[in-house]
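Q: Take a look at the following structure, please.
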Amino acid sequence: MKNNISITFFFLIFINMGSLWSQKKYTVSGTLTDGTNGETMIGAAVLIKEKKGVGTTCNPQGFYSLTLSEGSYTLQIQFIGYQQIEKQIVLDKNIVLDFKLNPNSIAMKEFEVTDKKDNDNLTKTEIGVEKLDMKEIEKIPVIFGEKDILKTIQLLPGVKSAGEGNSGFFVRGGSADQNLILLDEAPVYNASHLLGFFSTFNSDALKDVTIIKGNSPAQYGGRLSSVLDVKMKEGNNQKYNVAGGLGLISSRLSVEGPIQKDKSSFIISGRRTYADVFLQATDEFAGNKLYFYDLNLKANYKINDKNRIFVSGYFGKDVLGFGDNFGINWGNKTATLRWNSILSARLFSNTSLIYSNYDFNIKINSGGADFNINSNIKDWNLKQEFSYFINEKNTLKFGFNSIHHTITPSRFEGELVTQDKKESRSSLENALFINNTSKINEKLTLDYGLRLSAFSLLGGDTYNIYEKGILKDSVVLENGELGKTYYNLEPRFQFSYLINDKNSLKGGYARNTQHLHLLSNSNTGAPSDQWIGNSYNIKPEISDQISLGYFRNFKENKYQFSTEIYYKDLQNQVDYKNGADINSAPDVESELLFGKGRAYGAEFLIKKTQGKFTGWIGYTLSRTERKIEGINNNDWYVARQDRTHDLSVVAMYELTKRWSISGLFVYNTGNAATFPSGKYSLEDKTLFYYTERNGYRMPAYHRMDFGATYTKPHKKKYESSWNFSLYNVYGRENAYTITFENDPNDPSRTRALQTSLFRWVPSVTYNFKF
């Protein structure tokens, strides 16, 4: 079967390359940048006016390449929100043309300016892909008034919030750890601050945000459900800018500018909360700590017209403490060194060396004795990706990725602890990938690829082998010794068929494998959740997803409608056995059970993209289930993240040049939960017993938010605005947790106690730029 897939894949490539040698051809290539700040234009279109449907898009580094037969052509350069450029060329040799695009508000002098029809949602091959508009994010009201990309993507169909005010999310039935979150290609293992109420992403430092819901191209891998690809700004190489914001909870500041104009630039962006400052001003809480900070850094240098290097980093930390008795801190560190090289007019290289580190530490003082809990996951990652622009109809991407993981499980150390010290486990995750985007004709476009992944256990620890929780054997791997290796072939396929200029049909299939797994007792995620890799017990999780979508535009592309259906088959899913305790077990793998799962659903989205009034309505109808031997009498049961209905309504309206308002409404079925089915007494204590796993539901969740933004008149180079928002307008007390206890008036009866977090949360933020 695998050989047949490989043969079919390479057959498709060579069929589409057949025309390459049939006649004399030349290549026009170059880089597209923003004329105001020098940022590269990801996804900008380069079209041939004389050949309908012939063109290409810029890669993530802003590079384009088109190979055509000898002749005269008119290039059309297009990007949403920017003025179109038309340029006449005579292609009788390879030529290089770089373009600077200016926003619609800036007059163009050198080239003819025409309007662009916004129908990328019809013509692009991707299905299950959403790109966020960073300017739109600024207008959407969120808790504490902080712009947040993770809370914004939760408003899209197929993406569900992990809980009240939480930045965690679930995609198409997957758990929170099945999302690959990348910041400048570096994985972020915990993308939240303050137990999930803020995300790690400072929006002021971001340039591009794209989420792929399962049907990712072959260059992505390692997670089952989605890829959230976040790219930082490169820094303005034309002039210096300072921007920031002052809020009730946190403040932020960004500085960017040229190191050498048109050649190199930098950006530094920082953010910090200051609740701890107010705590110190009170007698009761003077010794407590509660804050987070993060810092984004990036610089780039243009060596010559064909080579450019980038260095970026992220550093974030949370600190929570109650006097000298309890303290917890956790944080992420990432760094990326990237080298872009134009090897030829048709071959582009992107080489990245990536570092990622996540750790958490808990310090507890009990009765004068100290003990600590700590854990860590660290990666070193080398990624090489080539983009080969074969001809005007085919673009080939291929390369490899090699990651060295070091995972240190939770260690309990101190005077009151007798647990043996746990050794770090190392592993090597390698992948080869190849992917081709092929425009068969004006209506049909194919995107197909293949990824070969391999995960190897490295020596330095003892691996226990369990059968239904009972220890059967052990494997000791000495330092330098190679243990078990898991190989997986992952085919990917997508198509887009343009029915006419208003309708298109898309579909796809993707297999994904996941070698790292998050062990968590909570539904929303906590800093102390443990990452663990494959072992002799834990096999790679595997997902096979099929999806089909219909897309339609109305009224000159002002309105966009789409509906997608999907079915996902899951293998080697991980869950806990009944009564499991992952924190105190000598070997957490003895507490795990394995089985299969399935997720299916339908997503609907209608969006207004132009005019004073914009927004969208998203709705998802879905089901997520697991079947694991040893749980729920070996029958199917719903996963914790299963929600039947999920609705979001987002609206933004520009009242005047100074005032704009926005609002949103969300509704979803309550999370699946395991509640007690009865109780009994033992030694005068009431104990609850449980039967069906996730057999109950939390109450339905719904909420409305409102926001308003006042933009002050510009004073020379200084710009400023005030943002006002109210989270939970009508004061809905949504359930965060539900606990059970005996009714004090009648101990034979049980009462449920609901805890709610936020009723009303007003926020005010002052934003500035100069």
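Every chain in the structure tokens has a letter given in the order shown (A, B, ...), and although residue numbers restart at 1 in each chain, ligands are simply numbered from 1 in the order shown.
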Hey, which bits of stretch 503-600 of chain A sit within 8 Å of stretch 215-236 of chain A, and for each residue what's the closest pair of atoms and how far apart in Å (one decimal), counting only C-alpha atoms, rows by chain and increasing number, as a Markdown table?
A:
| residue | atom | partner | partner_atom | distance |
| --- | --- | --- | --- | --- |
| A:Gly508 | CA | A:Asn215 | CA | 6.8 |
| A:Tyr509 | CA | A:Asn215 | CA | 6.7 |
| A:Ala510 | CA | A:Asn215 | CA | 5.5 |
| A:Asn512 | CA | A:Leu224 | CA | 5.3 |
| A:Thr513 | CA | A:Gly222 | CA | 5.8 |
| A:Gln514 | CA | A:Gly222 | CA | 4.7 |
| A:His515 | CA | A:Gly222 | CA | 6.5 |
| A:Leu516 | CA | A:Gly222 | CA | 7.8 |
| A:Glu541 | CA | A:Leu224 | CA | 7.6 |
| A:Ile542 | CA | A:Leu224 | CA | 7.0 |
| A:Ser543 | CA | A:Leu224 | CA | 5.8 |
| A:Gln545 | CA | A:Asn215 | CA | 7.5 |
Q: Extract, using only C-alpha atoms, all DNA, RNA and protein residues at most 6 Å from A:Thr445, discarding same-chain residues fewer than 3 positions from it, and format them as a ChimeraX atom specification.
A: /A:438-440,495-496
Q: When you look at A:Ser250 with a cut-off of 12 Å (counting only C-alpha atoms), what residues show up, excluding the ones that are within fewer than 3 positions of it in the same chain? I need them as a PyMOL selection string.
A: chain A and resi 144-147+193-194+198+202+244-247+253+270-277+290-294+763-766
Q: Using Å and a single decimal, report how far atom CA of A:Asp379 sits from atom CA of A:Trp330.
A: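 About the pair atom CA of A:Trp330 and atom CA of A:Asp379: they are 16.6 Å apart.
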Q: As a list in words, please: the residues near stretch 659-665 of chain A (cut-off 8 Å, only C-alpha atoms, same-chain neighbours under 5 positions excluded).
A: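 In the requested format, the answer is Lys139, Ile140, Pro141, Ser648, Val649, Val650, Ala651, Met652, Tyr653, Glu654, His702, Arg703, Met704, Asp705, Phe706, Gly707, Ala708, Thr709, Tyr710 and Thr711 of chain A.
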Q: Given only C-alpha atoms as the basis, pick out the residue of A:Tyr466, A:Phe724, A:Phe740, A:Tyr718 nearest to A:Val242.
A: A:Tyr718
Q: Can you pull out the residues contacting A:Ile407? Cut-off 7 Å, using only C-alpha atoms, and skip same-chain residues under 2 positions away; I want them as a ChimeraX atom specification.
A: /A:376-378,405,409,424-426,532
Q: Can you write just those residues out, N, CA, C and O atoms, as a PDB file, in the first residue's frame?
A:
ATOM      1  N   ASN A 376      10.623  19.704  32.701  1.00  0.00           N
ATOM      2  CA  ASN A 376      11.229  20.469  31.608  1.00  0.00           C
ATOM      3  C   ASN A 376      11.137  19.685  30.301  1.00  0.00           C
ATOM      4  O   ASN A 376      11.206  18.455  30.300  1.00  0.00           O
ATOM      5  N   ILE A 377      10.966  20.411  29.199  1.00  0.00           N
ATOM      6  CA  ILE A 377      11.104  19.818  27.865  1.00  0.00           C
ATOM      7  C   ILE A 377      11.935  20.769  27.021  1.00  0.00           C
ATOM      8  O   ILE A 377      11.658  21.980  26.965  1.00  0.00           O
ATOM      9  N   LYS A 378      12.965  20.233  26.382  1.00  0.00           N
ATOM     10  CA  LYS A 378      13.899  21.066  25.619  1.00  0.00           C
ATOM     11  C   LYS A 378      14.140  20.433  24.246  1.00  0.00           C
ATOM     12  O   LYS A 378      14.347  19.225  24.138  1.00  0.00           O
ATOM     13  N   HIS A 405      14.816  15.806  21.251  1.00  0.00           N
ATOM     14  CA  HIS A 405      14.002  16.126  22.423  1.00  0.00           C
ATOM     15  C   HIS A 405      14.698  15.647  23.699  1.00  0.00           C
ATOM     16  O   HIS A 405      15.246  14.542  23.732  1.00  0.00           O
ATOM     17  N   PRO A 409      10.702  14.466  33.294  1.00  0.00           N
ATOM     18  CA  PRO A 409       9.366  14.375  33.892  1.00  0.00           C
ATOM     19  C   PRO A 409       9.343  15.060  35.252  1.00  0.00           C
ATOM     20  O   PRO A 409      10.379  15.481  35.781  1.00  0.00           O
ATOM     21  N   SER A 424      16.174  12.147  32.839  1.00  0.00           N
ATOM     22  CA  SER A 424      15.649  12.737  31.606  1.00  0.00           C
ATOM     23  C   SER A 424      15.639  11.680  30.515  1.00  0.00           C
ATOM     24  O   SER A 424      16.476  10.770  30.491  1.00  0.00           O
ATOM     25  N   ARG A 425      14.675  11.807  29.626  1.00  0.00           N
ATOM     26  CA  ARG A 425      14.604  10.912  28.480  1.00  0.00           C
ATOM     27  C   ARG A 425      14.874  11.715  27.214  1.00  0.00           C
ATOM     28  O   ARG A 425      14.309  12.797  27.025  1.00  0.00           O
ATOM     29  N   SER A 426      15.704  11.157  26.365  1.00  0.00           N
ATOM     30  CA  SER A 426      16.035  11.811  25.105  1.00  0.00           C
ATOM     31  C   SER A 426      15.501  10.998  23.938  1.00  0.00           C
ATOM     32  O   SER A 426      15.396   9.769  24.011  1.00  0.00           O
ATOM     33  N   ILE A 532       5.243  13.809  27.574  1.00  0.00           N
ATOM     34  CA  ILE A 532       5.913  12.509  27.549  1.00  0.00           C
ATOM     35  C   ILE A 532       6.004  12.049  26.096  1.00  0.00           C
ATOM     36  O   ILE A 532       5.125  12.326  25.279  1.00  0.00           O
TER      37      ILE A 532
END
Q: Excluding stretch 55-66 of chain A and any residue of its chain fewer than 5 positions from it, enumerate the residues within 7 Å of it, using only C-alpha atoms, and give them as a PyMOL selection string.
A: chain A and resi 27-33+40-48+345-346+389+391-392
Q: Can you tell me which residues surround A:Gly163 at a distance of at most 12 Å, considering only C-alpha atoms, apart from same-chain residues fewer than 3 positions away, and format the answer as a PyMOL selection string?
A: chain A and resi 151+154+160+166-170+176+195-197+522-525+640-641+643+668-671+698+700-702+734-737+756-758
Q: Just C-alpha atoms for this one: save the residues we selected as a PDB file, in the first residue's frame.
A:
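In the end it all went to part07.pdb:
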ATOM      1  CA  LYS A 151      -8.967  33.980  21.865  1.00  0.00           C
ATOM      2  CA  GLN A 154     -11.599  30.373  19.200  1.00  0.00           C
ATOM      3  CA  LYS A 160     -13.315  25.558  20.492  1.00  0.00           C
ATOM      4  CA  ASN A 166      -8.814  30.420  28.645  1.00  0.00           C
ATOM      5  CA  SER A 167      -6.314  30.625  25.786  1.00  0.00           C
ATOM      6  CA  GLY A 168      -6.250  26.841  25.256  1.00  0.00           C
ATOM      7  CA  PHE A 169      -8.219  25.499  22.306  1.00  0.00           C
ATOM      8  CA  PHE A 170      -9.454  22.298  20.670  1.00  0.00           C
ATOM      9  CA  ALA A 176      -5.160  20.659  23.451  1.00  0.00           C
ATOM     10  CA  LEU A 195      -3.214  29.898  34.099  1.00  0.00           C
ATOM     11  CA  GLY A 196      -4.618  30.506  30.624  1.00  0.00           C
ATOM     12  CA  PHE A 197      -6.223  33.939  30.870  1.00  0.00           C
ATOM     13  CA  SER A 522      -7.631  19.172  33.813  1.00  0.00           C
ATOM     14  CA  ASN A 523      -9.760  20.060  30.811  1.00  0.00           C
ATOM     15  CA  THR A 524      -8.317  23.553  30.432  1.00  0.00           C
ATOM     16  CA  GLY A 525      -4.631  22.724  30.842  1.00  0.00           C
ATOM     17  CA  ARG A 640     -13.880  15.685  27.479  1.00  0.00           C
ATOM     18  CA  GLN A 641     -13.635  18.269  24.686  1.00  0.00           C
ATOM     19  CA  ARG A 643     -19.339  19.805  22.282  1.00  0.00           C
ATOM     20  CA  ASN A 668     -21.673  26.250  23.143  1.00  0.00           C
ATOM     21  CA  THR A 669     -22.840  22.992  24.635  1.00  0.00           C
ATOM     22  CA  GLY A 670     -21.245  22.345  28.031  1.00  0.00           C
ATOM     23  CA  ASN A 671     -18.135  20.196  28.238  1.00  0.00           C
ATOM     24  CA  MET A 698     -21.607  20.994  32.300  1.00  0.00           C
ATOM     25  CA  ALA A 700     -24.374  25.349  28.381  1.00  0.00           C
ATOM     26  CA  TYR A 701     -22.014  28.300  28.056  1.00  0.00           C
ATOM     27  CA  HIS A 702     -22.982  31.650  26.537  1.00  0.00           C
ATOM     28  CA  ASN A 734     -21.025  30.383  33.524  1.00  0.00           C
ATOM     29  CA  ALA A 735     -19.866  27.277  35.349  1.00  0.00           C
ATOM     30  CA  TYR A 736     -16.096  26.932  35.725  1.00  0.00           C
ATOM     31  CA  THR A 737     -16.225  23.942  38.061  1.00  0.00           C
ATOM     32  CA  SER A 756     -18.043  30.891  38.324  1.00  0.00           C
ATOM     33  CA  LEU A 757     -15.085  33.120  37.526  1.00  0.00           C
ATOM     34  CA  PHE A 758     -16.181  36.300  35.801  1.00  0.00           C
TER      35      PHE A 758
END
Q: So, counting only C-alpha atoms, which residue among A:Arg626, A:Arg751, A:Arg552, A:Lys298 is closest to A:Glu564?
A: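 Checking each candidate against A:Glu564, we get A:Arg552 as the closest.
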Q: Rank A:Leu75, A:Leu297, A:Ala162, A:Leu155 by their smallest atom-to-atom distance to A:Ile617, using only C-alpha atoms, and report the top residue only.
A: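 That would be A:Leu155, the residue with the smallest distance to A:Ile617.
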Q: Using only C-alpha atoms for the distances, tell me which of A:Pro258, A:Gly615, A:Gly165, A:Gly449 is nearest to A:Tyr559.
A: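 With only C-alpha atoms as the atom set, the closest residue is A:Gly615.
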Q: Rank nothing, just name the residue among A:Ile499, A:Val319, A:Val90, A:Ile85 nearest to A:Asn104, using only C-alpha atoms.
A: A:Ile85
